[in-house]
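For reference, coords17.csv is printed below; it contains CSV, C-alpha atoms.
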```
chain,number,residue,atom,x,y,z
C,8,MET,CA,0.0,0.0,0.0
C,9,THR,CA,1.4,3.4,-0.9
C,10,ASP,CA,2.0,6.1,1.7
C,11,VAL,CA,-0.8,8.2,0.2
C,12,ALA,CA,-3.3,5.3,0.5
C,13,GLU,CA,-2.1,4.6,4.1
C,14,GLN,CA,-2.7,8.2,5.0
C,15,ASP,CA,-6.1,8.2,3.4
C,16,ASP,CA,-7.0,5.0,5.4
C,17,ARG,CA,-5.8,6.6,8.6
C,18,ARG,CA,-7.8,9.8,8.0
C,19,SER,CA,-10.9,7.7,7.2
C,20,ALA,CA,-10.5,5.7,10.4
C,21,GLU,CA,-10.0,8.9,12.4
C,22,GLU,CA,-13.1,10.4,10.9
C,23,ARG,CA,-15.2,7.3,11.6
C,24,THR,CA,-14.0,7.5,15.3
C,25,ARG,CA,-14.9,11.2,15.5
C,26,GLU,CA,-18.4,10.4,14.1
C,27,ARG,CA,-18.8,7.6,16.6
C,28,HIS,CA,-17.8,10.1,19.3
C,29,ARG,CA,-20.2,12.8,18.2
C,30,ALA,CA,-23.0,10.3,18.0
C,31,ALA,CA,-22.2,8.9,21.5
C,32,GLN,CA,-22.2,12.4,23.0
C,33,ARG,CA,-25.6,13.2,21.4
C,34,GLN,CA,-27.1,10.0,22.7
C,35,ALA,CA,-25.5,9.9,26.1
C,36,ARG,CA,-28.1,9.5,28.8
C,37,ARG,CA,-25.5,10.5,31.5
C,38,ILE,CA,-22.5,12.8,30.9
C,39,LEU,CA,-20.5,15.1,33.2
C,40,ALA,CA,-20.7,18.1,30.9
C,41,ARG,CA,-22.8,18.7,27.8
C,42,ALA,CA,-20.8,19.9,24.8
C,43,THR,CA,-23.2,22.8,24.0
C,44,PRO,CA,-21.2,24.1,21.0
C,45,ARG,CA,-21.7,20.7,19.3
C,46,GLY,CA,-25.5,21.0,19.5
C,47,SER,CA,-27.3,21.4,16.2
C,48,ILE,CA,-27.7,24.8,14.6
C,49,ARG,CA,-31.4,24.6,15.2
C,50,GLU,CA,-30.8,23.9,18.9
C,51,ARG,CA,-28.4,26.8,19.2
C,52,LEU,CA,-30.7,29.2,17.5
C,53,ALA,CA,-33.6,28.1,19.6
C,54,LEU,CA,-31.6,28.8,22.8
C,55,LEU,CA,-30.6,32.2,21.6
C,56,GLN,CA,-34.2,33.2,21.0
C,57,GLU,CA,-35.6,31.6,24.1
C,58,ALA,CA,-32.9,32.6,26.6
C,59,GLY,CA,-31.8,35.8,24.8
C,60,ALA,CA,-35.2,37.4,25.5
C,61,GLU,CA,-34.4,37.1,29.2
C,62,VAL,CA,-31.1,39.1,29.0
C,63,TYR,CA,-31.7,41.6,26.2
C,64,ASP,CA,-34.5,43.3,24.3
C,65,LEU,CA,-34.7,41.3,21.1
C,66,ASP,CA,-36.8,44.0,19.4
C,67,GLU,CA,-33.8,46.4,19.6
C,68,PRO,CA,-31.8,46.8,16.3
C,69,GLY,CA,-28.7,44.8,15.9
C,70,ASP,CA,-25.2,46.1,16.4
C,71,VAL,CA,-23.2,48.0,13.8
C,72,TYR,CA,-19.5,48.0,14.2
C,73,GLY,CA,-19.6,47.5,18.0
C,74,ASP,CA,-22.5,49.6,19.2
C,75,ARG,CA,-25.8,48.7,20.9
C,76,ILE,CA,-25.6,45.1,22.2
C,77,VAL,CA,-21.8,44.9,21.9
C,78,ALA,CA,-21.5,48.1,24.0
C,79,THR,CA,-23.9,46.6,26.6
C,80,LEU,CA,-21.7,43.5,26.9
C,81,GLU,CA,-18.6,45.6,27.2
C,82,GLU,CA,-20.2,47.6,30.1
C,83,ARG,CA,-21.3,44.4,31.8
C,84,VAL,CA,-17.8,42.8,31.7
C,85,ALA,CA,-16.2,46.0,33.0
C,86,ALA,CA,-18.7,46.1,35.9
C,87,LEU,CA,-18.1,42.4,36.7
C,88,LEU,CA,-14.3,42.7,36.6
C,89,GLY,CA,-14.2,46.1,38.3
C,90,THR,CA,-12.3,47.8,35.5
C,91,GLU,CA,-12.8,51.2,33.9
C,92,ALA,CA,-13.6,49.7,30.5
C,93,ALA,CA,-13.7,46.6,28.3
C,94,ALA,CA,-13.6,45.9,24.6
C,95,PHE,CA,-15.2,42.9,22.8
C,96,PHE,CA,-12.9,40.9,20.5
C,97,PRO,CA,-13.8,38.1,18.1
C,98,THR,CA,-11.0,35.9,19.5
C,99,GLY,CA,-8.9,35.7,22.6
C,100,THR,CA,-5.7,35.3,20.5
C,101,MET,CA,-6.4,38.7,19.0
C,102,ALA,CA,-7.4,40.3,22.3
C,103,GLN,CA,-4.2,39.2,24.1
C,104,GLN,CA,-1.8,40.1,21.2
C,105,VAL,CA,-3.4,43.6,21.1
C,106,ALA,CA,-3.2,44.0,24.9
C,107,LEU,CA,0.4,43.0,25.1
C,108,ARG,CA,1.6,45.0,22.1
C,109,CYS,CA,-0.1,48.1,23.6
C,110,TRP,CA,1.7,47.4,26.9
C,111,ALA,CA,5.0,46.9,25.0
C,112,ALA,CA,4.7,50.3,23.3
C,113,ARG,CA,4.1,51.9,26.8
C,114,THR,CA,6.9,50.1,28.6
C,115,GLY,CA,9.3,50.2,25.7
C,116,ASN,CA,10.0,46.4,26.1
C,117,PRO,CA,8.5,43.8,23.8
C,118,ALA,CA,9.5,40.9,26.1
C,119,VAL,CA,6.6,39.0,27.7
C,120,ALA,CA,7.4,36.7,30.6
C,121,LEU,CA,5.1,33.6,30.6
C,122,HIS,CA,4.9,30.0,31.5
C,123,PRO,CA,6.2,27.4,28.9
C,124,LEU,CA,2.7,25.8,28.9
C,125,ALA,CA,0.8,29.1,28.5
C,126,HIS,CA,-1.7,29.2,25.7
C,127,PRO,CA,0.3,31.5,23.3
C,128,GLU,CA,3.4,29.2,23.6
C,129,VAL,CA,1.5,26.0,22.9
C,130,HIS,CA,-1.5,26.7,20.8
C,131,GLU,CA,-1.0,29.9,18.7
C,132,ARG,CA,1.7,29.0,16.2
C,133,GLN,CA,4.2,31.7,17.6
C,134,ALA,CA,1.7,34.4,16.9
C,135,PHE,CA,3.3,36.7,19.5
C,136,SER,CA,6.6,36.9,17.5
C,137,GLN,CA,5.3,36.3,14.0
C,138,VAL,CA,2.4,38.8,14.1
C,139,SER,CA,2.9,41.2,16.9
C,140,GLY,CA,6.6,41.7,17.4
C,141,LEU,CA,6.6,40.4,20.9
C,142,ARG,CA,9.3,38.2,22.4
C,143,PRO,CA,8.2,35.4,24.8
C,144,VAL,CA,10.5,34.8,27.8
C,145,ARG,CA,9.8,31.6,29.7
C,146,VAL,CA,9.4,31.8,33.4
C,147,GLY,CA,8.6,28.8,35.6
C,148,GLY,CA,8.0,25.2,34.5
C,149,GLY,CA,6.3,22.0,35.3
C,150,ARG,CA,2.7,22.2,36.4
C,151,ARG,CA,2.7,25.3,38.6
C,152,LEU,CA,2.4,29.0,37.7
C,153,PRO,CA,5.5,31.2,37.9
C,154,THR,CA,6.6,32.0,41.4
C,155,ALA,CA,7.7,35.3,42.9
C,156,ALA,CA,11.2,33.9,43.2
C,157,GLY,CA,11.3,32.8,39.6
C,158,ILE,CA,10.1,36.2,38.4
C,159,ARG,CA,12.7,38.0,40.5
C,160,ASP,CA,15.5,35.7,39.2
C,161,LEU,CA,14.8,36.2,35.5
C,162,GLU,CA,18.0,37.2,33.9
C,163,GLU,CA,16.6,39.7,31.4
C,164,PRO,CA,14.2,42.6,31.7
C,165,PHE,CA,10.6,42.1,30.5
C,166,GLY,CA,7.8,44.6,29.9
C,167,ALA,CA,4.9,42.4,30.9
C,168,LEU,CA,4.2,39.3,33.0
C,169,MET,CA,1.4,37.2,31.6
C,170,LEU,CA,-0.3,34.7,34.0
C,171,GLU,CA,-2.8,32.2,32.8
C,172,LEU,CA,-5.5,31.6,35.4
C,173,PRO,CA,-6.0,28.7,35.5
C,174,LEU,CA,-3.0,27.2,33.6
C,175,ARG,CA,-5.0,24.8,31.4
C,176,ASP,CA,-2.3,22.6,30.0
C,177,ALA,CA,-0.9,21.9,33.4
C,178,GLY,CA,-4.2,20.6,34.6
C,179,PHE,CA,-6.3,23.8,35.2
C,180,VAL,CA,-4.1,24.6,38.1
C,181,LEU,CA,-4.1,27.9,40.2
C,182,PRO,CA,-1.7,29.3,42.7
C,183,THR,CA,-2.8,30.2,46.2
C,184,TRP,CA,-4.0,33.8,46.7
C,185,GLU,CA,-0.7,34.5,48.5
C,186,GLU,CA,1.4,33.1,45.7
C,187,LEU,CA,-0.6,35.1,43.1
C,188,THR,CA,-0.2,38.4,45.0
C,189,GLU,CA,3.5,37.8,45.6
C,190,ALA,CA,4.0,37.0,41.8
C,191,VAL,CA,2.3,40.2,40.9
C,192,GLU,CA,4.4,42.2,43.4
C,193,ALA,CA,7.5,40.6,42.1
C,194,ALA,CA,6.7,41.8,38.5
C,195,ARG,CA,6.0,45.3,39.7
C,196,GLU,CA,9.3,45.3,41.5
C,197,ARG,CA,10.8,44.8,38.1
C,198,ASP,CA,8.8,47.7,36.6
C,199,ALA,CA,6.7,45.3,34.5
C,200,VAL,CA,2.9,45.4,34.0
C,201,VAL,CA,0.8,42.3,34.7
C,202,HIS,CA,-1.7,40.8,32.3
C,203,PHE,CA,-4.0,37.9,33.2
C,204,ASP,CA,-4.9,35.4,30.6
C,205,GLY,CA,-8.2,34.8,32.2
C,206,ALA,CA,-9.9,32.8,29.5
C,207,ARG,CA,-11.4,30.7,32.4
C,208,LEU,CA,-11.1,33.4,35.1
C,209,TRP,CA,-14.9,33.1,35.7
C,210,GLU,CA,-14.4,29.8,37.6
C,211,CYS,CA,-11.5,30.9,39.9
C,212,THR,CA,-13.6,32.6,42.6
C,213,GLU,CA,-14.2,29.4,44.6
C,214,HIS,CA,-10.5,28.5,44.8
C,215,PHE,CA,-9.4,32.0,45.7
C,216,GLY,CA,-12.4,32.7,47.9
C,217,ARG,CA,-12.7,36.2,46.4
C,218,PRO,CA,-15.0,37.9,43.9
C,219,LEU,CA,-14.0,38.4,40.3
C,220,ALA,CA,-13.4,42.1,40.7
C,221,GLU,CA,-10.8,41.5,43.5
C,222,ILE,CA,-9.0,38.9,41.4
C,223,ALA,CA,-9.0,41.0,38.3
C,224,GLY,CA,-7.9,44.0,40.3
C,225,LEU,CA,-4.5,42.5,40.9
C,226,ALA,CA,-3.6,42.9,37.1
C,227,ASP,CA,-3.2,45.9,34.8
C,228,SER,CA,-5.3,44.2,32.2
C,229,VAL,CA,-7.4,41.0,31.9
C,230,TYR,CA,-8.7,38.9,29.0
C,231,VAL,CA,-11.8,36.7,29.5
C,232,SER,CA,-13.4,34.2,27.1
C,233,PHE,CA,-17.1,33.8,26.4
C,234,TYR,CA,-17.2,30.2,25.2
C,235,LYS,CA,-14.8,28.5,27.6
C,236,SER,CA,-17.0,27.6,30.6
C,237,VAL,CA,-19.6,30.3,29.7
C,238,GLY,CA,-21.1,28.4,26.8
C,239,GLY,CA,-21.2,31.3,24.3
C,240,LEU,CA,-20.7,30.9,20.5
C,241,GLY,CA,-17.3,32.5,20.8
C,242,GLY,CA,-15.7,35.9,21.5
C,243,ALA,CA,-13.6,37.5,24.2
C,244,ALA,CA,-13.1,40.7,26.0
C,245,LEU,CA,-10.1,42.7,27.1
C,246,ALA,CA,-10.7,44.7,30.3
C,247,GLY,CA,-8.5,47.4,31.9
C,248,PRO,CA,-7.9,51.1,32.1
C,249,ARG,CA,-10.0,53.2,29.7
C,250,THR,CA,-7.0,54.6,27.9
C,251,LEU,CA,-5.6,51.1,27.2
C,252,VAL,CA,-9.0,49.8,26.0
C,253,GLU,CA,-9.4,52.7,23.6
C,254,GLU,CA,-6.0,52.1,22.2
C,255,ALA,CA,-6.8,48.4,22.0
C,256,LYS,CA,-9.9,49.2,19.9
C,257,THR,CA,-7.7,50.9,17.4
C,258,TRP,CA,-5.5,47.9,17.1
C,259,ARG,CA,-8.6,45.6,17.0
C,260,HIS,CA,-9.6,47.4,13.8
C,261,ARG,CA,-6.1,47.0,12.4
C,262,TYR,CA,-6.1,43.3,13.1
C,263,GLY,CA,-9.4,42.8,11.3
C,264,GLY,CA,-11.5,42.5,14.4
C,265,MET,CA,-13.9,45.3,13.6
C,266,ILE,CA,-16.7,43.1,12.4
C,267,PHE,CA,-19.9,44.6,11.0
C,268,GLN,CA,-22.4,42.6,13.1
C,269,GLN,CA,-21.8,40.3,16.0
C,270,PHE,CA,-25.1,40.2,17.9
C,271,PRO,CA,-25.5,36.3,17.8
C,272,THR,CA,-22.1,35.8,19.5
C,273,VAL,CA,-22.6,38.7,21.9
C,274,LEU,CA,-26.2,37.6,22.8
C,275,SER,CA,-24.9,34.1,23.6
C,276,ALA,CA,-22.2,35.7,25.9
C,277,LEU,CA,-24.8,37.7,27.8
C,278,ILE,CA,-26.8,34.5,28.3
C,279,GLY,CA,-23.7,32.7,29.6
C,280,LEU,CA,-22.9,35.5,32.0
C,281,ASP,CA,-26.5,35.3,33.4
C,282,ARG,CA,-26.9,31.5,33.4
C,283,GLU,CA,-23.5,29.8,33.7
C,284,VAL,CA,-21.2,32.2,35.6
C,285,PRO,CA,-23.3,32.2,38.8
C,286,ARG,CA,-23.3,28.4,38.7
C,287,LEU,CA,-19.5,27.9,38.3
C,288,PRO,CA,-18.7,27.8,42.1
C,289,GLU,CA,-21.3,24.9,42.4
C,290,TYR,CA,-19.6,23.1,39.5
C,291,VAL,CA,-16.2,23.5,41.1
C,292,ARG,CA,-17.4,22.1,44.4
C,293,HIS,CA,-19.0,19.1,42.7
C,294,ALA,CA,-15.9,18.5,40.6
C,295,ARG,CA,-14.1,17.8,43.8
C,296,VAL,CA,-16.7,15.1,44.6
C,297,VAL,CA,-16.3,13.6,41.2
C,298,ALA,CA,-12.5,13.7,41.4
C,299,ALA,CA,-12.4,11.9,44.7
C,300,ALA,CA,-14.8,9.3,43.4
C,301,LEU,CA,-12.6,8.7,40.4
C,302,ARG,CA,-9.6,8.2,42.5
C,303,GLU,CA,-11.5,5.8,44.7
C,304,GLY,CA,-12.9,4.0,41.7
C,305,PHE,CA,-9.6,3.4,40.0
C,306,ALA,CA,-8.0,2.3,43.3
C,307,ALA,CA,-10.8,-0.2,44.0
C,308,ALA,CA,-10.4,-1.5,40.4
C,309,GLY,CA,-6.7,-2.1,40.9
C,310,VAL,CA,-5.6,0.1,38.0
C,311,PRO,CA,-1.8,0.8,38.6
C,312,TRP,CA,-0.7,4.4,38.6
C,313,ALA,CA,-4.1,6.0,37.9
C,314,ARG,CA,-3.9,9.7,38.8
C,315,VAL,CA,-6.3,12.6,39.1
C,316,HIS,CA,-4.5,16.0,38.8
C,317,PRO,CA,-4.8,18.1,40.8
C,318,GLU,CA,-6.0,15.7,43.5
C,319,GLU,CA,-8.5,18.3,44.6
C,320,PRO,CA,-9.4,20.3,41.5
C,321,HIS,CA,-8.9,24.0,41.6
C,322,THR,CA,-11.7,24.6,39.1
C,323,HIS,CA,-14.5,22.5,37.6
C,324,GLN,CA,-12.0,21.0,35.2
C,325,PHE,CA,-9.0,18.7,35.9
C,326,GLN,CA,-7.0,15.9,34.3
C,327,VAL,CA,-7.1,12.1,34.6
C,328,TRP,CA,-4.0,10.0,33.9
C,329,LEU,CA,-3.9,6.3,33.1
C,330,PRO,CA,-1.2,3.8,32.2
C,331,TYR,CA,-2.5,3.0,28.7
C,332,GLU,CA,-2.0,4.2,25.2
C,333,PRO,CA,-4.4,7.1,24.3
C,334,GLU,CA,-6.1,4.9,21.6
C,335,THR,CA,-6.8,2.2,24.2
C,336,ALA,CA,-8.3,4.5,26.7
C,337,ALA,CA,-10.3,6.4,24.1
C,338,GLU,CA,-11.8,3.2,22.7
C,339,ALA,CA,-12.8,1.9,26.1
C,340,ALA,CA,-14.5,5.3,26.9
C,341,LEU,CA,-16.3,5.3,23.5
C,342,ARG,CA,-17.5,1.7,23.9
C,343,GLN,CA,-18.8,2.4,27.3
C,344,ALA,CA,-20.8,5.4,26.0
C,345,GLU,CA,-22.1,3.4,23.0
C,346,GLU,CA,-23.1,0.3,25.0
C,347,THR,CA,-24.5,1.9,28.2
C,348,SER,CA,-25.3,5.6,27.2
C,349,VAL,CA,-23.1,6.6,30.1
C,350,MET,CA,-20.2,8.8,29.0
C,351,LEU,CA,-17.7,9.1,31.8
C,352,PHE,CA,-14.8,10.5,29.6
C,353,ALA,CA,-16.1,12.8,26.9
C,354,ASN,CA,-12.9,14.5,25.9
C,355,ALA,CA,-9.9,13.3,23.8
C,356,TRP,CA,-7.1,11.2,25.3
C,357,ASN,CA,-3.6,12.4,24.7
C,358,ALA,CA,-0.2,10.9,25.1
C,359,GLY,CA,1.7,11.8,28.3
C,360,GLY,CA,4.6,9.4,27.7
C,361,PRO,CA,5.1,5.7,26.8
C,362,ASP,CA,2.0,3.7,27.8
C,363,LEU,CA,0.6,6.9,29.5
C,364,ALA,CA,-2.5,8.8,28.5
C,365,PHE,CA,-4.4,11.7,30.0
C,366,THR,CA,-7.7,13.4,29.4
C,367,GLU,CA,-9.5,16.5,30.6
C,368,VAL,CA,-12.7,16.1,32.7
C,369,GLY,CA,-15.1,18.9,33.2
C,370,VAL,CA,-18.2,19.0,35.5
C,371,GLN,CA,-21.1,21.3,34.6
C,372,ALA,CA,-24.9,21.2,35.0
C,373,ALA,CA,-25.3,17.7,33.7
C,374,GLY,CA,-22.6,16.4,36.1
C,375,LEU,CA,-24.4,17.7,39.2
C,376,GLU,CA,-26.8,14.7,38.8
C,377,TRP,CA,-23.9,12.3,39.4
C,378,THR,CA,-23.4,11.0,43.0
C,379,ALA,CA,-20.0,9.7,44.1
C,380,ASP,CA,-21.5,6.2,43.9
C,381,ASP,CA,-22.5,6.9,40.3
C,382,VAL,CA,-19.0,7.9,39.4
C,383,ARG,CA,-17.4,4.8,41.1
C,384,ALA,CA,-19.8,2.5,39.3
C,385,ALA,CA,-19.0,4.2,36.0
C,386,VAL,CA,-15.3,3.7,36.7
C,387,ARG,CA,-15.8,0.0,37.3
C,388,ASP,CA,-17.6,-0.3,34.0
C,389,PHE,CA,-15.0,1.7,32.1
C,390,VAL,CA,-12.1,-0.4,33.6
C,391,ASP,CA,-13.9,-3.6,32.5
C,392,ARG,CA,-13.4,-2.4,28.9
C,393,LEU,CA,-9.7,-1.8,29.3
C,394,PRO,CA,-7.2,-4.7,28.5
C,395,ASP,CA,-5.8,-6.6,31.5
C,396,ARG,CA,-2.4,-5.3,32.4
C,397,ALA,CA,-1.5,-8.2,34.7
```

Conversion result in structure tokens:
Amino acid sequence: MTDVAEQDDRRSAEERTRERHRAAQRQARRILARATPRGSIRERLALLQEAGAEVYDLDEPGDVYGDRIVATLEERVAALLGTEAAAFFPTGTMAQQVALRCWAARTGNPAVALHPLAHPEVHERQAFSQVSGLRPVRVGGGRRLPTAAGIRDLEEPFGALMLELPLRDAGFVLPTWEELTEAVEAARERDAVVHFDGARLWECTEHFGRPLAEIAGLADSVYVSFYKSVGGLGGAALAGPRTLVEEAKTWRHRYGGMIFQQFPTVLSALIGLDREVPRLPEYVRHARVVAAALREGFAAAGVPWARVHPEEPHTHQFQVWLPYEPETAAEAALRQAEETSVMLFANAWNAGGPDLAFTEVGVQAAGLEWTADDVRAAVRDFVDRLPDRA
């Protein structure tokens, strides 16, 4: 068989698996978090019309280049985060590049200190350097955010410190409040500004025990997402001082983010702020119940080296690690969903090393129905579908 034919066969097999996965999610009777964005267009439009009427007057005209409903969302975000102003962006990648290039112009230093696992370093194809003229400088490592000591010990100056809260690729981990405030103080000692990559900042209040405005108030600027955890169609906001936000709007236009109409995305964001954000602390608390039951279930099933990370989740999302190849764990999870309509692990499995796989687990409204006993029973059923490692 030629290389091209082999690649075609592999792609066909992967697409069949993806379709099985989509079908299993749609049909799952029990699942820890519903993948709202994967609902049908009809379902999403119906939700916008039904729930949208509760958060905004749908008889009002739509937005034109950022007025009306867009301005309403910007004012709402600024009020929630306690900042002078906020600007809506079509993507978080654009919002953060704009924020940091604005800060670089003000500080005179294009170097941005950030963790090696931060989103721009892992998922944005070197956008900082290729598009915005910024220079990433790595600080910290492993699965914890940068520490005050690490920030003070950086050998070169930097204009901005970017902290991702929570650090998703490390397992949705957060520092303690004391560690966070010390890191911010260390950056200020070095005459740097602080920017929070707060794509998932909404779910941090339970861990820190403080309101959003107090958390955001530590930073000079904050980015938040409207689809991660909030359930919107997309979009993001940059919040901070009014002068920075006005400058960011100019760069938003230059980057191609001045979109004619965005009311569907903005309406979905307003719905998420009303419906999902107030429930996130409850999701975080129940995620800790689910995580403990997962640990207990794998221990009772005798699975060697099964891990939940962090052991007590910092947010409503966390990682599960198992000593299997990703394809093996994924097939067991998929078969369980197809055969029982119970989807314990709904997300992709990734390689963490030889014979080591991990997946992300999130707990939202659907997951609140699961008791610890339900989780332990689902673990037993899942393990029965894994090959014997004895």

Considering only C-alpha atoms, can you say which of C:Glu367, C:Asp388, C:Asp362, C:Glu332 comes closest to Ala298 in chain C?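 Distance minimum relative to Ala298 in chain C lands on C:Glu367.
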
Env of Val77 in chain C: 8 Å cut, atoms = only C-alpha atoms, seq-sep filter 5 positions within chain, self excluded. Answer as a PyMOL selection string. chain C and resi 70+95+269-270+273

Work out how far apart CA of Glu303 in chain C and CA of Gln371 in chain C are and give it in Å to one decimal. 20.8 Å

Just checking: using all atoms listed in the file, which residue out of C:Arg23, C:Lys256, C:His321, C:Arg49 ends up closest to Arg292 in chain C? C:His321

I'd like the interatomic distance between CA of Phe165 in chain C and CA of Val119 in chain C, to a tenth of an Å. 5.8 Å

Would you kindly return, as a list in words, each protein, DNA or RNA residue with an atom no farther than 10 Å from any atom of Gly216 in chain C, considering only C-alpha atoms and excluding same-chain residues fewer than 6 positions away? Trp184, Ile222 and Pro288 of chain C

For Gln104 in chain C: contacts at 8 Å, only C-alpha atoms, fewer than 3 positions along chain excluded, given as a ChimeraX atom specification: /C:100-101,107-108,134-135,139

For Val105 in chain C, list every protein, DNA or RNA residue within 12 Å, evaluated using only C-alpha atoms, and leave out those in the same chain fewer than 4 positions away; present the list as a ChimeraX atom specification. /C:94-96,98-101,109-112,134-135,138-141,202,228-230,244-246,251-264

Of the residues C:Thr188, C:Arg132, C:Ala385, C:Ala226, which is the one nearest to Ala167 in chain C, using all atoms listed in the file?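 The shortest atom-to-atom distance to Ala167 in chain C comes from C:Ala226.
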
Go through range 255-353 of chain C and flag each residue having an atom no more than 12 Å from range 56-64 of chain C; for those, report the closest pair of atoms plus their distance in Å to one decimal, using all atoms listed in the file, ordered by chain and rising number, as CSV.
```
residue,atom,partner,partner_atom,distance
C:Phe270,CA,C:Gly59,CA,10.6
C:Pro271,CA,C:Gly59,CA,9.4
C:Thr272,CA,C:Gly59,CA,11.1
C:Val273,CA,C:Gly59,CA,10.1
C:Leu274,CA,C:Gly59,CA,6.2
C:Ser275,CA,C:Gly59,CA,7.2
C:Ala276,CA,C:Gly59,CA,9.7
C:Leu277,CA,C:Val62,CA,6.6
C:Ile278,CA,C:Gly59,CA,6.2
C:Gly279,CA,C:Ala58,CA,9.7
C:Leu280,CA,C:Val62,CA,9.4
C:Asp281,CA,C:Val62,CA,7.4
C:Arg282,CA,C:Ala58,CA,9.1
```

For Glu192 in chain C, find every residue with an atom within 12 Å (counting all atoms listed in the file), except residues of its own chain fewer than 2 positions away, and show them as a ChimeraX atom specification. /C:154-156,158-159,168,185-190,194-201,225-226

Give me, please, the distance in Å between CA of Glu163 in chain C and CA of Ala177 in chain C, quoted to one decimal.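 Computing it gives 25.0 Å between the two atoms.
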
Find the residue from C:Arg207, C:Arg29, C:Arg383, C:Arg249 that sits nearest to Thr322 in chain C; use all atoms listed in the file when measuring.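 Answer, going by the shortest atom-to-atom distance: C:Arg207.
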